[in-house]
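Trainee: Structure file final12.tsv (TSV, C-alpha atoms) right here:
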chain	number	residue	atom	x	y	z
A	1	MET	CA	98.80	145.34	206.10
A	2	SER	CA	99.20	142.57	208.65
A	3	SER	CA	98.97	138.98	207.47
A	4	ALA	CA	96.59	138.16	210.35
A	5	LEU	CA	93.40	136.51	209.11
A	6	PHE	CA	89.83	137.47	209.96
A	7	ASP	CA	86.97	136.25	212.07
A	8	PRO	CA	84.93	134.28	209.48
A	9	ASP	CA	81.73	135.85	210.83
A	10	GLU	CA	83.09	139.38	210.52
A	11	VAL	CA	82.57	140.22	206.87
A	12	THR	CA	81.47	138.97	203.48
A	13	TRP	CA	83.72	140.67	200.94
A	14	ASP	CA	82.31	141.95	197.70
A	15	VAL	CA	85.40	140.61	195.95
A	16	VAL	CA	88.37	138.52	197.01
A	17	ILE	CA	91.35	138.74	194.65
A	18	ILE	CA	93.96	135.99	194.86
A	19	GLY	CA	97.36	137.27	193.72
A	20	GLY	CA	98.91	140.67	194.37
A	21	GLY	CA	100.91	141.23	191.18
A	22	PRO	CA	100.07	143.97	188.65
A	23	ALA	CA	96.80	142.34	187.54
A	24	GLY	CA	95.59	141.70	191.09
A	25	ALA	CA	96.58	145.09	192.47
A	26	ALA	CA	95.10	146.97	189.49
A	27	THR	CA	91.83	145.02	189.76
A	28	ALA	CA	91.74	145.87	193.47
A	29	ILE	CA	92.37	149.57	192.74
A	30	THR	CA	89.57	149.65	190.17
A	31	LEU	CA	87.03	147.97	192.45
A	32	ALA	CA	88.04	149.92	195.56
A	33	ARG	CA	87.60	153.19	193.66
A	34	PHE	CA	84.00	152.08	193.05
A	35	GLY	CA	83.60	151.70	196.82
A	36	ARG	CA	83.67	147.90	196.79
A	37	ARG	CA	84.89	145.94	199.82
A	38	VAL	CA	87.95	144.20	198.39
A	39	LEU	CA	90.35	141.72	199.94
A	40	LEU	CA	93.67	141.38	198.06
A	41	VAL	CA	95.59	138.24	198.99
A	42	GLU	CA	99.33	138.05	198.26
A	43	GLU	CA	101.23	134.90	199.15
A	44	ARG	CA	104.74	136.36	199.22
A	45	THR	CA	106.03	138.49	202.07
A	46	ALA	CA	109.73	138.77	201.16
A	47	THR	CA	111.45	140.03	198.03
A	48	HIS	CA	111.43	137.55	195.18
A	49	PHE	CA	113.26	137.85	191.88
A	50	LYS	CA	111.11	138.93	188.95
A	51	LEU	CA	112.17	139.70	185.42
A	52	GLY	CA	112.22	143.37	184.47
A	53	GLU	CA	109.99	144.39	181.60
A	54	SER	CA	110.04	147.11	178.96
A	55	LEU	CA	106.97	149.20	178.28
A	56	PRO	CA	106.53	151.20	175.05
A	57	PRO	CA	105.36	154.85	175.08
A	58	ALA	CA	101.80	153.70	174.35
A	59	SER	CA	101.69	152.05	177.79
A	60	ILE	CA	102.59	155.16	179.78
A	61	GLY	CA	98.96	156.29	179.97
A	62	ILE	CA	97.68	153.11	181.65
A	63	VAL	CA	100.57	153.18	184.14
A	64	LYS	CA	99.71	156.80	185.01
A	65	HIS	CA	96.06	155.81	185.46
A	66	PHE	CA	97.03	153.53	188.33
A	67	LEU	CA	100.17	155.14	189.75
A	68	GLY	CA	99.74	158.84	189.04
A	69	ASP	CA	101.79	161.35	187.08
A	70	LEU	CA	105.16	159.95	186.04
A	71	GLU	CA	106.39	163.26	184.64
A	72	GLU	CA	107.34	164.37	188.15
A	73	ALA	CA	109.23	161.15	188.86
A	74	GLN	CA	113.01	161.18	188.62
A	75	PRO	CA	114.56	158.98	185.92
A	76	HIS	CA	116.01	156.71	188.63
A	77	SER	CA	112.93	156.60	190.87
A	78	PRO	CA	112.20	153.16	192.36
A	79	GLY	CA	110.54	150.81	189.93
A	80	PHE	CA	111.11	152.83	186.75
A	81	PHE	CA	113.89	153.44	184.30
A	82	ARG	CA	113.18	155.61	181.28
A	83	THR	CA	114.13	154.09	177.95
A	84	ALA	CA	115.01	155.98	174.79
A	85	GLY	CA	113.92	153.37	172.26
A	86	ASN	CA	114.48	149.86	170.91
A	87	VAL	CA	117.45	148.36	169.09
A	88	SER	CA	116.35	145.25	167.23
A	89	VAL	CA	118.62	142.81	165.40
A	90	TRP	CA	115.95	140.58	163.94
A	91	SER	CA	115.24	140.30	160.25
A	92	SER	CA	118.95	140.71	159.40
A	93	ASP	CA	122.26	141.10	161.23
A	94	GLN	CA	121.93	144.88	160.99
A	95	ALA	CA	120.54	146.84	163.91
A	96	ASP	CA	117.18	148.56	163.44
A	97	VAL	CA	116.71	151.51	165.84
A	98	THR	CA	113.32	152.83	166.95
A	99	ASP	CA	113.67	156.15	168.78
A	100	PHE	CA	110.96	157.16	171.27
A	101	PHE	CA	111.89	160.84	171.09
A	102	PHE	CA	109.22	161.56	168.50
A	103	THR	CA	106.40	159.79	170.37
A	104	SER	CA	103.78	161.61	172.46
A	105	THR	CA	105.62	160.87	175.72
A	106	GLY	CA	109.19	160.91	174.40
A	107	PHE	CA	110.20	157.86	176.41
A	108	GLY	CA	109.33	154.28	177.34
A	109	LEU	CA	109.79	152.55	180.67
A	110	CYS	CA	111.82	149.67	181.96
A	111	VAL	CA	110.08	148.39	185.06
A	112	GLU	CA	111.85	146.89	188.07
A	113	ARG	CA	109.10	144.51	189.04
A	114	LEU	CA	109.55	144.23	192.81
A	115	ALA	CA	109.27	147.98	193.38
A	116	PHE	CA	106.60	148.40	190.69
A	117	ASP	CA	104.38	145.66	192.12
A	118	GLU	CA	104.75	147.07	195.63
A	119	ALA	CA	103.79	150.55	194.41
A	120	LEU	CA	100.59	149.15	192.88
A	121	ARG	CA	99.70	147.30	196.08
A	122	GLU	CA	100.21	150.50	198.08
A	123	LYS	CA	97.84	152.30	195.70
A	124	ALA	CA	95.26	149.54	196.22
A	125	VAL	CA	95.41	150.06	199.99
A	126	GLU	CA	95.17	153.84	199.54
A	127	ALA	CA	92.05	153.30	197.42
A	128	GLY	CA	90.45	151.30	200.24
A	129	ALA	CA	91.31	147.65	199.55
A	130	THR	CA	92.50	145.39	202.38
A	131	LEU	CA	95.81	143.67	201.69
A	132	LEU	CA	96.88	140.38	203.23
A	133	LYS	CA	100.51	139.37	202.75
A	134	GLY	CA	101.97	135.97	203.49
A	135	VAL	CA	98.59	134.31	202.95
A	136	ARG	CA	98.07	131.54	200.42
A	137	PHE	CA	94.97	130.31	198.64
A	138	GLU	CA	94.10	126.72	199.62
A	139	SER	CA	90.61	125.95	198.30
A	140	CYS	CA	87.22	127.38	197.45
A	141	VAL	CA	83.63	126.24	197.19
A	142	ARG	CA	80.47	128.14	196.25
A	143	THR	CA	77.53	127.65	198.59
A	144	ASN	CA	74.14	129.23	199.36
A	145	ASP	CA	74.41	131.21	202.60
A	146	PRO	CA	71.45	131.90	202.05
A	147	THR	CA	72.47	133.65	198.83
A	148	PRO	CA	75.32	132.30	196.65
A	149	VAL	CA	78.68	133.03	198.25
A	150	TRP	CA	82.24	131.75	197.97
A	151	GLN	CA	83.74	130.02	201.01
A	152	LEU	CA	87.53	130.27	200.69
A	153	MET	CA	90.20	128.61	202.78
A	154	LEU	CA	93.30	130.76	203.18
A	155	GLY	CA	96.46	129.59	204.91
A	156	SER	CA	99.06	131.49	206.91
A	157	GLU	CA	101.89	130.31	209.18
A	158	GLY	CA	100.63	126.77	209.55
A	159	ARG	CA	96.97	127.59	210.11
A	160	SER	CA	93.92	127.99	207.89
A	161	GLN	CA	90.88	130.19	208.09
A	162	GLN	CA	87.76	130.71	206.07
A	163	VAL	CA	86.64	133.94	204.40
A	164	ARG	CA	83.55	134.68	202.34
A	165	ALA	CA	83.15	136.58	199.10
A	166	ARG	CA	80.42	137.25	196.60
A	167	PHE	CA	82.89	137.33	193.70
A	168	LEU	CA	86.28	135.65	193.26
A	169	VAL	CA	89.11	136.84	190.98
A	170	ASP	CA	92.11	134.70	190.00
A	171	CYS	CA	95.26	136.81	189.53
A	172	THR	CA	97.78	134.07	190.32
A	173	GLY	CA	99.68	134.42	187.05
A	174	ARG	CA	100.57	131.48	184.88
A	175	ARG	CA	99.70	129.06	187.70
A	176	ALA	CA	96.01	130.03	187.49
A	177	ALA	CA	95.63	128.45	190.93
A	178	VAL	CA	91.97	129.34	191.42
A	179	ALA	CA	90.90	128.26	187.94
A	180	LYS	CA	92.82	125.02	188.41
A	181	ALA	CA	91.03	124.42	191.73
A	182	LEU	CA	87.73	124.91	189.88
A	183	GLY	CA	88.71	122.27	187.31
A	184	VAL	CA	89.33	124.68	184.42
A	185	GLN	CA	91.98	123.39	182.00
A	186	PHE	CA	94.50	125.20	179.80
A	187	ALA	CA	93.90	125.09	176.07
A	188	PRO	CA	96.46	122.79	174.38
A	189	ASP	CA	99.44	124.55	172.84
A	190	SER	CA	102.75	123.17	171.53
A	191	ASP	CA	104.67	126.31	172.54
A	192	ALA	CA	107.49	125.43	174.97
A	193	LEU	CA	109.24	128.82	175.22
A	194	PHE	CA	111.35	129.28	178.36
A	195	ALA	CA	113.30	132.31	179.57
A	196	TYR	CA	116.76	132.12	181.17
A	197	ALA	CA	117.74	135.35	182.92
A	198	GLN	CA	121.12	136.55	184.16
A	199	LEU	CA	121.82	139.86	185.89
A	200	PHE	CA	125.01	141.77	185.06
A	201	SER	CA	126.54	144.60	187.08
A	202	LEU	CA	128.97	147.38	186.30
A	203	ALA	CA	130.89	149.48	188.83
A	204	GLY	CA	130.18	152.85	187.28
A	205	HIS	CA	127.58	154.66	185.20
A	206	ASP	CA	126.17	153.38	181.94
A	207	ASP	CA	124.22	155.93	179.90
A	208	GLU	CA	122.79	153.31	177.49
A	209	HIS	CA	119.00	153.70	177.51
A	210	TYR	CA	117.85	151.35	174.74
A	211	THR	CA	115.98	148.06	175.00
A	212	ARG	CA	117.75	145.45	172.89
A	213	ILE	CA	116.36	142.38	171.13
A	214	GLU	CA	118.48	140.02	169.04
A	215	ALA	CA	117.53	136.88	167.13
A	216	ALA	CA	119.82	133.86	167.43
A	217	PRO	CA	119.93	130.45	165.71
A	218	ASN	CA	118.17	128.70	168.61
A	219	GLY	CA	116.07	131.48	170.11
A	220	TRP	CA	116.36	135.17	170.88
A	221	TRP	CA	117.91	137.61	173.36
A	222	TYR	CA	116.47	140.48	175.37
A	223	SER	CA	118.46	143.03	177.36
A	224	ASN	CA	117.78	146.25	179.19
A	225	ARG	CA	119.25	148.30	181.98
A	226	LEU	CA	117.47	148.15	185.32
A	227	PRO	CA	117.22	150.72	188.09
A	228	SER	CA	120.00	150.18	190.64
A	229	ALA	CA	119.82	150.81	194.37
A	230	GLU	CA	123.48	151.86	194.32
A	231	GLU	CA	124.34	155.28	192.90
A	232	ASN	CA	127.65	154.20	191.33
A	233	GLU	CA	126.45	150.89	189.97
A	234	SER	CA	124.70	149.95	186.74
A	235	MET	CA	122.58	146.82	186.41
A	236	ARG	CA	121.59	145.06	183.22
A	237	LEU	CA	119.21	142.18	182.68
A	238	VAL	CA	120.01	139.69	179.92
A	239	VAL	CA	117.49	136.99	178.99
A	240	PHE	CA	117.82	134.13	176.51
A	241	HIS	CA	114.58	132.62	175.17
A	242	SER	CA	114.44	129.14	173.67
A	243	ASP	CA	112.21	126.07	173.74
A	244	LYS	CA	112.85	124.12	176.93
A	245	ASP	CA	113.44	120.83	175.13
A	246	LEU	CA	116.18	122.16	172.83
A	247	PRO	CA	119.91	121.74	173.55
A	248	ALA	CA	120.42	125.53	173.63
A	249	ALA	CA	117.96	125.81	176.51
A	250	LYS	CA	119.86	123.22	178.51
A	251	MET	CA	123.05	125.19	177.83
A	252	ALA	CA	121.46	128.46	178.94
A	253	ALA	CA	120.55	126.98	182.33
A	254	ARG	CA	124.26	126.72	183.27
A	255	PRO	CA	126.72	129.65	183.59
A	256	ALA	CA	129.26	128.17	181.16
A	257	GLY	CA	126.58	127.46	178.57
A	258	PHE	CA	124.94	130.86	179.00
A	259	ASP	CA	128.33	132.54	178.50
A	260	GLN	CA	129.00	130.47	175.39
A	261	LEU	CA	125.66	131.42	173.84
A	262	LEU	CA	126.21	135.06	174.76
A	263	ASN	CA	129.68	135.04	173.20
A	264	ASP	CA	128.10	133.84	169.95
A	265	SER	CA	125.63	136.76	169.89
A	266	THR	CA	126.23	139.55	167.39
A	267	HIS	CA	125.41	142.64	169.44
A	268	ILE	CA	124.41	142.02	173.07
A	269	GLY	CA	127.51	140.04	174.04
A	270	PRO	CA	129.91	142.64	172.59
A	271	LEU	CA	127.89	145.43	174.25
A	272	LEU	CA	128.37	143.85	177.69
A	273	GLU	CA	132.05	143.19	177.07
A	274	SER	CA	132.78	146.71	175.81
A	275	ARG	CA	131.26	148.27	178.92
A	276	GLY	CA	132.85	145.83	181.37
A	277	TYR	CA	129.71	144.17	182.73
A	278	GLN	CA	130.17	141.09	184.91
A	279	PRO	CA	127.54	138.44	185.73
A	280	CYS	CA	126.13	138.49	189.25
A	281	GLY	CA	123.80	136.12	191.03
A	282	THR	CA	122.42	132.91	189.59
A	283	ILE	CA	120.69	132.15	186.30
A	284	ARG	CA	116.95	131.98	186.81
A	285	GLY	CA	114.43	130.31	184.55
A	286	ALA	CA	110.74	130.95	184.00
A	287	PRO	CA	108.09	129.76	181.53
A	288	ALA	CA	107.52	132.23	178.69
A	289	ASN	CA	105.14	130.25	176.49
A	290	SER	CA	101.79	131.42	175.19
A	291	GLN	CA	98.91	129.89	177.12
A	292	ARG	CA	95.21	130.47	177.81
A	293	LEU	CA	92.45	128.95	179.88
A	294	HIS	CA	89.59	127.12	178.20
A	295	ASN	CA	87.23	129.42	180.11
A	296	PHE	CA	88.23	132.87	181.29
A	297	CYS	CA	85.36	133.18	183.77
A	298	GLY	CA	82.33	131.40	185.19
A	299	ASP	CA	79.76	131.66	187.94
A	300	ALA	CA	80.95	134.59	190.11
A	301	TRP	CA	84.62	134.25	189.18
A	302	MET	CA	87.08	135.64	186.63
A	303	ALA	CA	90.71	135.05	185.72
A	304	VAL	CA	92.66	138.24	185.01
A	305	GLY	CA	96.11	138.93	183.56
A	306	ASP	CA	98.42	135.98	182.96
A	307	ALA	CA	96.03	133.69	184.85
A	308	ALA	CA	93.58	134.13	181.96
A	309	GLN	CA	96.09	134.24	179.11
A	310	ALA	CA	99.84	134.68	179.05
A	311	TYR	CA	101.77	136.02	176.06
A	312	ASP	CA	105.17	135.46	174.55
A	313	PRO	CA	107.48	138.21	175.95
A	314	LEU	CA	108.34	139.17	172.37
A	315	SER	CA	104.97	140.96	172.39
A	316	SER	CA	106.11	143.30	175.23
A	317	GLN	CA	102.51	143.21	176.45
A	318	GLY	CA	102.82	141.54	179.86
A	319	ILE	CA	102.32	144.47	182.23
A	320	ASP	CA	100.30	146.51	179.74
A	321	LYS	CA	97.88	143.60	179.28
A	322	ALA	CA	97.73	143.00	183.04
A	323	LEU	CA	96.76	146.61	183.76
A	324	ARG	CA	94.27	147.00	180.90
A	325	THR	CA	92.49	143.71	181.49
A	326	ALA	CA	92.44	144.44	185.24
A	327	SER	CA	90.70	147.74	184.60
A	328	HIS	CA	88.18	146.03	182.34
A	329	ALA	CA	87.64	143.17	184.79
A	330	GLY	CA	87.16	145.56	187.70
A	331	HIS	CA	84.49	147.46	185.82
A	332	MET	CA	82.70	144.28	184.72
A	333	VAL	CA	82.71	142.81	188.24
A	334	HIS	CA	81.35	146.05	189.71
A	335	TYR	CA	78.57	146.26	187.11
A	336	ALA	CA	77.70	142.57	187.58
A	337	LEU	CA	77.49	143.02	191.35
A	338	THR	CA	75.36	146.15	190.92
A	339	ASP	CA	72.85	144.29	188.74
A	340	PHE	CA	72.83	141.43	191.25
A	341	GLU	CA	72.19	143.82	194.16
A	342	GLN	CA	69.30	145.39	192.26
A	343	GLY	CA	67.79	141.98	191.51
A	344	LEU	CA	68.33	142.39	187.78
A	345	ALA	CA	70.68	139.45	187.18
A	346	GLU	CA	72.52	136.57	188.78
A	347	LEU	CA	76.31	136.39	189.07
A	348	ASP	CA	76.57	133.42	186.71
A	349	THR	CA	77.60	133.13	183.06
A	350	SER	CA	74.21	134.48	181.96
A	351	ASN	CA	75.19	137.86	183.44
A	352	THR	CA	75.73	140.41	180.68
A	353	TYR	CA	78.99	141.67	182.17
A	354	VAL	CA	80.46	138.28	182.97
A	355	ARG	CA	79.69	137.19	179.41
A	356	GLN	CA	81.13	140.42	178.01
A	357	TYR	CA	84.41	139.79	179.84
A	358	GLU	CA	84.60	136.25	178.42
A	359	GLU	CA	84.01	137.53	174.89
A	360	GLU	CA	86.57	140.32	175.26
A	361	GLN	CA	89.24	137.89	176.47
A	362	ALA	CA	88.53	135.52	173.59
A	363	GLN	CA	88.89	138.42	171.13
A	364	LEU	CA	92.20	139.48	172.68
A	365	TRP	CA	93.56	135.95	172.20
A	366	GLN	CA	92.44	135.84	168.57
A	367	THR	CA	94.14	139.19	167.98
A	368	TYR	CA	97.34	138.15	169.73
A	369	LEU	CA	98.02	134.88	167.87
A	370	PRO	CA	98.48	136.31	164.34
A	371	GLN	CA	100.58	139.17	165.76
A	372	ARG	CA	102.90	136.70	167.47
A	373	ASN	CA	103.17	134.61	164.32
A	374	TYR	CA	103.82	137.70	162.20
A	375	TYR	CA	106.76	138.89	164.32
A	376	TYR	CA	108.36	135.46	164.35
A	377	GLY	CA	107.76	135.18	160.62
A	378	MET	CA	109.66	138.43	160.03
A	379	GLN	CA	112.88	136.63	160.99
A	380	PRO	CA	113.96	134.73	157.81
A	381	ARG	CA	117.34	133.38	158.94
A	382	TRP	CA	118.12	129.90	160.34
A	383	SER	CA	115.11	128.32	158.66
A	384	ASP	CA	116.76	124.92	159.17
A	385	GLN	CA	116.83	125.28	162.98
A	386	PRO	CA	114.05	123.63	165.06
A	387	PHE	CA	113.24	126.76	167.07
A	388	TRP	CA	112.38	128.75	163.94
A	389	GLN	CA	110.85	125.82	162.05
A	390	ARG	CA	108.30	125.41	164.84
A	391	ARG	CA	107.27	129.06	164.49
A	392	ARG	CA	106.70	128.79	160.78
A	393	GLY	CA	104.15	126.01	161.05
Could you write out this file's structure as C-alpha cells?

Mentor:
Amino acid sequence: MSSALFDPDEVTWDVVIIGGGPAGAATAITLARFGRRVLLVEERTATHFKLGESLPPASIGIVKHFLGDLEEAQPHSPGFFRTAGNVSVWSSDQADVTDFFFTSTGFGLCVERLAFDEALREKAVEAGATLLKGVRFESCVRTNDPTPVWQLMLGSEGRSQQVRARFLVDCTGRRAAVAKALGVQFAPDSDALFAYAQLFSLAGHDDEHYTRIEAAPNGWWYSNRLPSAEENESMRLVVFHSDKDLPAAKMAARPAGFDQLLNDSTHIGPLLESRGYQPCGTIRGAPANSQRLHNFCGDAWMAVGDAAQAYDPLSSQGIDKALRTASHAGHMVHYALTDFEQGLAELDTSNTYVRQYEEEQAQLWQTYLPQRNYYYGMQPRWSDQPFWQRRRG
C-alpha cells in the first residue's frame, strides 16, 4: 500500500494500529476479519535486520490461524525453516536433546523475521486493513469531535498529517512509543539483558535442524539455522546474551571479543568450526530484558505484544505471545467498540473488555516471572559469576 497520507476529513478509522510487526499485523487481521475499518501504520519501508526466532510445536496452531496451512509449505519457503528439536547444554555440560518428532505437528519453526512479518502484513491487507508504510507516529491527543476521538499526527517524507480514530493500539515493540507519548511509564526492573547477534554463512548444505542453547559463565548462547535465499548456501544465527554492564557484553560487541567468547563455548563454537561456517556482516545488538508497562491500556487505547510486556528470549515466547495477545486484543477492541456503538458502555477503563484485557495482561506477567526464574535457577554452575548471581536473587 502506498505511503501517501489521507485527507483528514475523509475517514474516522475504527482502529489505528501503530507498528506493523507480528503484534500489529495480527491485531489488524483480527479486527479486519470482524469488518472493522483498520489503519495499520508501519514506519519502515526497507529491509531491516531482525533476529530470527524459534517456535515450538505448540505455536504452530496460532501461526496457522493467521497465515494459513503450513503443511503445504516447502521446508525452505520464505520466512520458515522447520526445526527437528532443541539441543540444550544448560544444567550440566552434557547436551539434553528434545526431539519434536513425537509431538502433534512433528516439527517446530525457525522464523526469518523480515519475510514472516511481511507475510502477516499481506494477510492484514487481504483481510481488509489499510497499510501505510514509511509513516511514523508523531503525537496523539483525545478530543470530543463531538464524540471522543483520537487525533493523531503521522509523518512521512518531511510532512505531517492528521488522522482520526476511535481506538488506538500501540504495537511499537519495546519502544512503546504511543504509551510513552501518553505518559505511561515502564515498571522498574533491574534486568539488563542484551543480545549480541552474528550471522554465519556456509558455502554448501547443512542438514542440522536443531535449535541450540548453551549456558556460559557470563551469559548464554542461542543458535539456529535460518532460511537462505541462495540454494547452495546455509545461514546460521548465533546470539550471545549477557547483561549490558558486564565485561563479557562489551567483548561480545566487537568481532574479536565475540570470537573469543565463542571459542570458549563447549558446543556451539565447535559446531560452527566443524561445519566450516564463517562470520558475515556486522555484530548487531538489541535489548533482551524483561519489561512491562505500568498500565497495559487506558481510555480507548491498548498496548499489545512487546509494547505491553517483553520477555527474556530464553522463554521462546516472543512471536507466540505477540500473536496470541494480538488475537485477544483484537477481540476485546471489537467487543468494546460494539458496546460503545450500541450505547451500552464508554471506551474508557470502565469498559468490561478494556478492563478484561488489562487483567489478562497482568496475569500473563505474573505467570511469566516465576517461569523465567525457574529456568535460570535450573542452571547451577558458575554461582560465583555476577550474571548468574543476579538471577538467583

Trainee: What is the distance between atom CA of A:Val63 and atom CA of A:Met235, in Å to one decimal?

Mentor: 23.0 Å

Trainee: Find the residues near stretch 198-200 of chain A: any atom within 8 Å, counting all atoms listed in the file, skip ones fewer than 2 places away on the same chain, and give them as a compact mmCIF listing (two decimals) with C-alpha atoms, keeping the file's coordinate frame.

Mentor:
# COMPACT_ATOMS: atom_id res chain seq x y z
CA TYR A 196 116.76 132.12 181.17
CA LEU A 202 128.97 147.38 186.30
CA MET A 235 122.58 146.82 186.41
CA ARG A 236 121.59 145.06 183.22
CA LEU A 237 119.21 142.18 182.68
CA VAL A 238 120.01 139.69 179.92
CA VAL A 239 117.49 136.99 178.99
CA TYR A 277 129.71 144.17 182.73
CA GLN A 278 130.17 141.09 184.91
CA PRO A 279 127.54 138.44 185.73
CA CYS A 280 126.13 138.49 189.25
CA GLY A 281 123.80 136.12 191.03
CA THR A 282 122.42 132.91 189.59
CA ILE A 283 120.69 132.15 186.30
CA ARG A 284 116.95 131.98 186.81

Trainee: Give me the residues within 10 Å of A:Pro386 as a list in words, counting only C-alpha atoms and dropping any in the same chain fewer than 4 places off.

Mentor: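 Neighbouring residues, sequence-local ones excluded: Pro217, Asn218, Gly219, Asp243, Leu246, Trp382, Arg390, Arg391 and Arg392 of chain A.
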
Trainee: What is the atom CA of A:Arg121-atom CA of A:Leu31 distance in Å, reported with one decimal?

Mentor: 13.2 Å

Trainee: Which is closer to A:Ser383 than all the others in A:Asp170, A:Ala115, A:Asp348, A:Ala216, using all atoms listed in the file?

Mentor: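 Using all atoms listed in the file, A:Ser383 sits closest to A:Ala216.
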
Trainee: With only C-alpha atoms as the basis for distance, which of A:Ser223, A:Lys64, A:Ile18, A:Thr172 is at the shortest distance from A:Gly305?

Mentor: A:Thr172

Trainee: Could you check which of A:Gly158, A:Pro287, A:Gly183, A:Pro380 is closest to A:Asp93, using all atoms listed in the file?

Mentor: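 Among the listed residues, the smallest separation from A:Asp93 belongs to A:Pro380.
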
Trainee: A:Arg175, A:Arg44, A:Arg136, A:Arg82: which is nearest A:Leu293, counting all atoms listed in the file?

Mentor: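 Distance minimum relative to A:Leu293 lands on A:Arg175.
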
Trainee: Write out as a list in words which residues come within 7 Å of A:Asp189 when counting only C-alpha atoms, dropping same-chain ones fewer than 2 positions away.

Mentor: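 Once the adjacent positions are removed, what remains is Ala187, Asp191 and Gln291 of chain A.
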
Trainee: Please produce an output containing C-alpha atoms for each residue in the selection, written as a short mmCIF file (atom, residue, chain, number, x, y, z; two decimals), in the frame of the given file.

Mentor:
data_model
loop_
_atom_site.label_atom_id
_atom_site.label_comp_id
_atom_site.auth_asym_id
_atom_site.auth_seq_id
_atom_site.Cartn_x
_atom_site.Cartn_y
_atom_site.Cartn_z
CA ALA A 187 93.90 125.09 176.07
CA ASP A 191 104.67 126.31 172.54
CA GLN A 291 98.91 129.89 177.12
#
